[in-house]
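A.B. asks: Below is a structure I'd like to ask you about.
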Amino acid sequence: MFKKTSLLAYIFMLVFSQGAYEFQNSQATVSGTDQQEIRPDFPYKDGWLGGDAAYSVPIAAYQSLWLFGDSFVGDSNARSRAGSKLVRNSVGISTYDDASGRSIKYFWNRKGKSDPNAFFEPKEGAGYFYWPMDGFQAGENLYVALSRVGLSTREVHSISR
């Protein structure tokens with residue numbers, strides 16, 4: 001068993017170190033533009049006010065899907081997190097083209113409503129939520145790994161002195 005486990009670990013390390021090497025040595029260019037100029041930023045826009053655990057998945061030339069964990073959302077004109085709501089996940093689509101540069105559009109369920117919800121939602125009352133982990137495209141199919149996180153029923157007690 002030890003030899004089989006060691007062999008699998010070696011293959012895993014070899015595959016992923018090769019992929020990292022190829023990524024580090026690649027040069028992305030768009031009409032003479034270097035990588036630094038096409039990296040997206042994440043502006044407060046259309047009610048999206050930030051998210052954590054960002055993963056990017058290339059979905060087309062010069063277009064990526066962004067998967068965010070816990071995300072602050074508000075009304076479409078919000079420029080501050082004051083009064084915002086927290087949804088367990090959201091997504092964005094970033095695009096680059098020579099004419100308009102880079103842009104991003106954000107998505108979650110019930111966008112623009114007073115009771116927004118996560119983009120990836122379990123059935124109501126499920127007792128858990130999803131955090132996106134990463135994704136990949138195979139052919140015309142897009143796959144997203146989601147971590148199912150259970151809600152605790154423990155009570156929270158405040159401590160006072």
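Letters A, B, ... go to the chains of the structure tokens in the order shown; residues in each chain start at 1; ligands are counted from 1 in the same order.
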Which residues, written as a VMD selection string, have at least one atom at most 10 Å from Lys45 of chain A, with only C-alpha atoms counted and residues fewer than 5 positions away on the same chain left out?

C.D. replies: chain A and resid 50 73 to 79 104 to 106

A.B. asks: Could you please take those selected residues and save N, CA, C and O atoms as a compact mmCIF listing (two decimals), in the first residue's frame?

C.D. replies:
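Below is the file that was written, selection22.txt:
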# COMPACT_ATOMS: atom_id res chain seq x y z
N GLY A 50 -17.87 43.47 -2.70
CA GLY A 50 -16.72 42.69 -2.30
C GLY A 50 -17.07 41.25 -1.97
O GLY A 50 -18.18 40.95 -1.54
N VAL A 73 -23.40 42.58 -0.71
CA VAL A 73 -24.19 43.14 -1.80
C VAL A 73 -25.16 44.17 -1.25
O VAL A 73 -25.57 44.11 -0.09
N GLY A 74 -25.52 45.12 -2.08
CA GLY A 74 -26.45 46.17 -1.69
C GLY A 74 -27.25 46.63 -2.90
O GLY A 74 -27.30 45.95 -3.93
N ASP A 75 -27.82 47.82 -2.79
CA ASP A 75 -28.57 48.33 -3.95
C ASP A 75 -27.59 48.75 -5.04
O ASP A 75 -26.39 48.89 -4.81
N SER A 76 -28.08 48.97 -6.23
CA SER A 76 -27.22 49.18 -7.39
C SER A 76 -26.34 50.43 -7.29
O SER A 76 -25.32 50.50 -7.96
N ASN A 77 -26.70 51.38 -6.46
CA ASN A 77 -25.90 52.61 -6.32
C ASN A 77 -24.96 52.58 -5.12
O ASN A 77 -24.26 53.55 -4.88
N ALA A 78 -24.95 51.50 -4.35
CA ALA A 78 -24.14 51.43 -3.13
C ALA A 78 -22.66 51.55 -3.44
O ALA A 78 -22.15 50.96 -4.39
N ARG A 79 -21.97 52.33 -2.64
CA ARG A 79 -20.51 52.47 -2.76
C ARG A 79 -19.84 52.24 -1.41
O ARG A 79 -18.69 52.54 -1.21
N ILE A 104 -16.17 43.96 -15.74
CA ILE A 104 -16.68 42.81 -15.00
C ILE A 104 -18.15 43.05 -14.68
O ILE A 104 -18.57 44.17 -14.42
N LYS A 105 -18.93 41.97 -14.76
CA LYS A 105 -20.34 41.99 -14.37
C LYS A 105 -20.52 40.96 -13.27
O LYS A 105 -19.98 39.84 -13.37
N TYR A 106 -21.28 41.32 -12.23
CA TYR A 106 -21.47 40.45 -11.07
C TYR A 106 -22.89 39.88 -11.07
O TYR A 106 -23.83 40.53 -11.54

A.B. asks: Just want the 6 Å neighbourhood of Ser90 of chain A, counted on only C-alpha atoms, with same-chain residues fewer than 6 positions away dropped. Output as a ChimeraX atom specification.

C.D. replies: /A:68,107-108,118-119

A.B. asks: Selected residues, N, CA and C atoms, written as a CSV table (one decimal), in the first residue's frame, please.

C.D. replies:
chain,number,residue,atom,x,y,z
A,68,PHE,N,-16.8,33.8,-6.1
A,68,PHE,CA,-16.5,34.4,-4.8
A,68,PHE,C,-17.2,33.7,-3.7
A,107,PHE,N,-23.0,38.7,-10.5
A,107,PHE,CA,-24.3,38.0,-10.4
A,107,PHE,C,-24.5,37.3,-9.1
A,108,TRP,N,-25.8,37.4,-8.6
A,108,TRP,CA,-26.2,36.6,-7.5
A,108,TRP,C,-27.8,36.5,-7.6
A,118,ALA,N,-27.6,33.9,-2.4
A,118,ALA,CA,-26.4,33.4,-3.1
A,118,ALA,C,-26.7,32.9,-4.5
A,119,PHE,N,-25.6,33.0,-5.3
A,119,PHE,CA,-25.8,32.5,-6.7
A,119,PHE,C,-26.0,31.0,-6.7

A.B. asks: Give me the residues near Asn89 of chain A as number ranges by chain, where near means some atom within 12 Å (using only C-alpha atoms) and where sequence neighbours in that chain fewer than 6 positions away do not count.

C.D. replies: A: 48, 50-55, 66-73, 106-109, 116-122, 129-133, 146-149

A.B. asks: Which one of A:Arg88, A:Lys123, A:Arg102, A:Lys113 sits closest to Gln63 of chain A if you count only C-alpha atoms?

C.D. replies: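 With only C-alpha atoms as the atom set, the closest residue is A:Arg102.
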
A.B. asks: If I take atom CA of Lys111 of chain A and atom CA of Ala61 of chain A, how far is one from the other in Å, to one decimal?

C.D. replies: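 According to the coordinates, atom CA of Lys111 of chain A and atom CA of Ala61 of chain A are separated by 27.3 Å.
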
A.B. asks: Please compute the atom CA of Ala145 of chain A-atom CA of Phe42 of chain A distance, one decimal, in Å.

C.D. replies: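 Interatomic distance, atom CA of Ala145 of chain A to atom CA of Phe42 of chain A: 22.1 Å.
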
A.B. asks: For atom CA of Thr95 of chain A and atom CA of Asp41 of chain A, determine how far apart the two atoms are, in Å to one decimal place.

C.D. replies: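 Between these atoms lies a distance of 11.2 Å.
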